[in-house]
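What follows is a set of notes on a single structure, which appears directly below.
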Amino acid sequence: MKSAMYFEETQALMKTFSQEDQVYFQDLWDYFNLAGFLYEEKALREQVYNLALDFSQAGADGLTAKDYFGLDPKGMADQII
């Protein structure tokens, strides 16, 4: 999949999240975007897309983004990067 497609698919998934989870996930995504200066953009977008997919499944089970990823989106992004 191309970088732009990961971006579009991630945006589409985010629209299915609750408002609170969208805010959290956007913060997480923003931290990954800041890391884009140091890492390959496509790899980062693919990672964010995979996180959105994973969370989409967890959200269907009733978990919030904070339940699934923890309270610190920046810390979560730092661990992955």
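Ordered as shown in the structure tokens, chains take letters A, B, and onward, while each chain numbers its residues from 1 and ligands are numbered from 1 in the order shown.
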Item to check | Residues near region 10-14 of chain A, cut-off 8 Å, only C-alpha atoms, skip fewer than 6 positions along chain, as a ChimeraX atom specification | outcome: /A:22,25,48-49,52-53,56
Checklist entry - Can you tell me, as number ranges by chain, what residues are no more than 12 Å from region 70-75 of chain A when counting only C-alpha atoms, ignoring any on the same chain fewer than 5 positions away? => result A: 21-35, 51, 55, 63-65, 80-81
Checklist entry - If you measure from CA of Lys2 (chain A) to CA of Asn50 (chain A), what distance in Å do you get, rounded to one decimal? => result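 If I compute the distance from CA of Lys2 (chain A) to CA of Asn50 (chain A), I get 13.8 Å.
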Checklist entry - What are the DSSP alpha helix (DSSP H) residues of chain A, as a PyMOL selection string? => result chain A and resi 3-14+19-35+41-60+65-69+73-80
Next on the checklist: To one decimal place in Å, what is the distance between CA of Met76 (chain A) and CA of Gly62 (chain A)?
Outcome noted: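 Going from CA of Met76 (chain A) over to CA of Gly62 (chain A) covers 20.1 Å.
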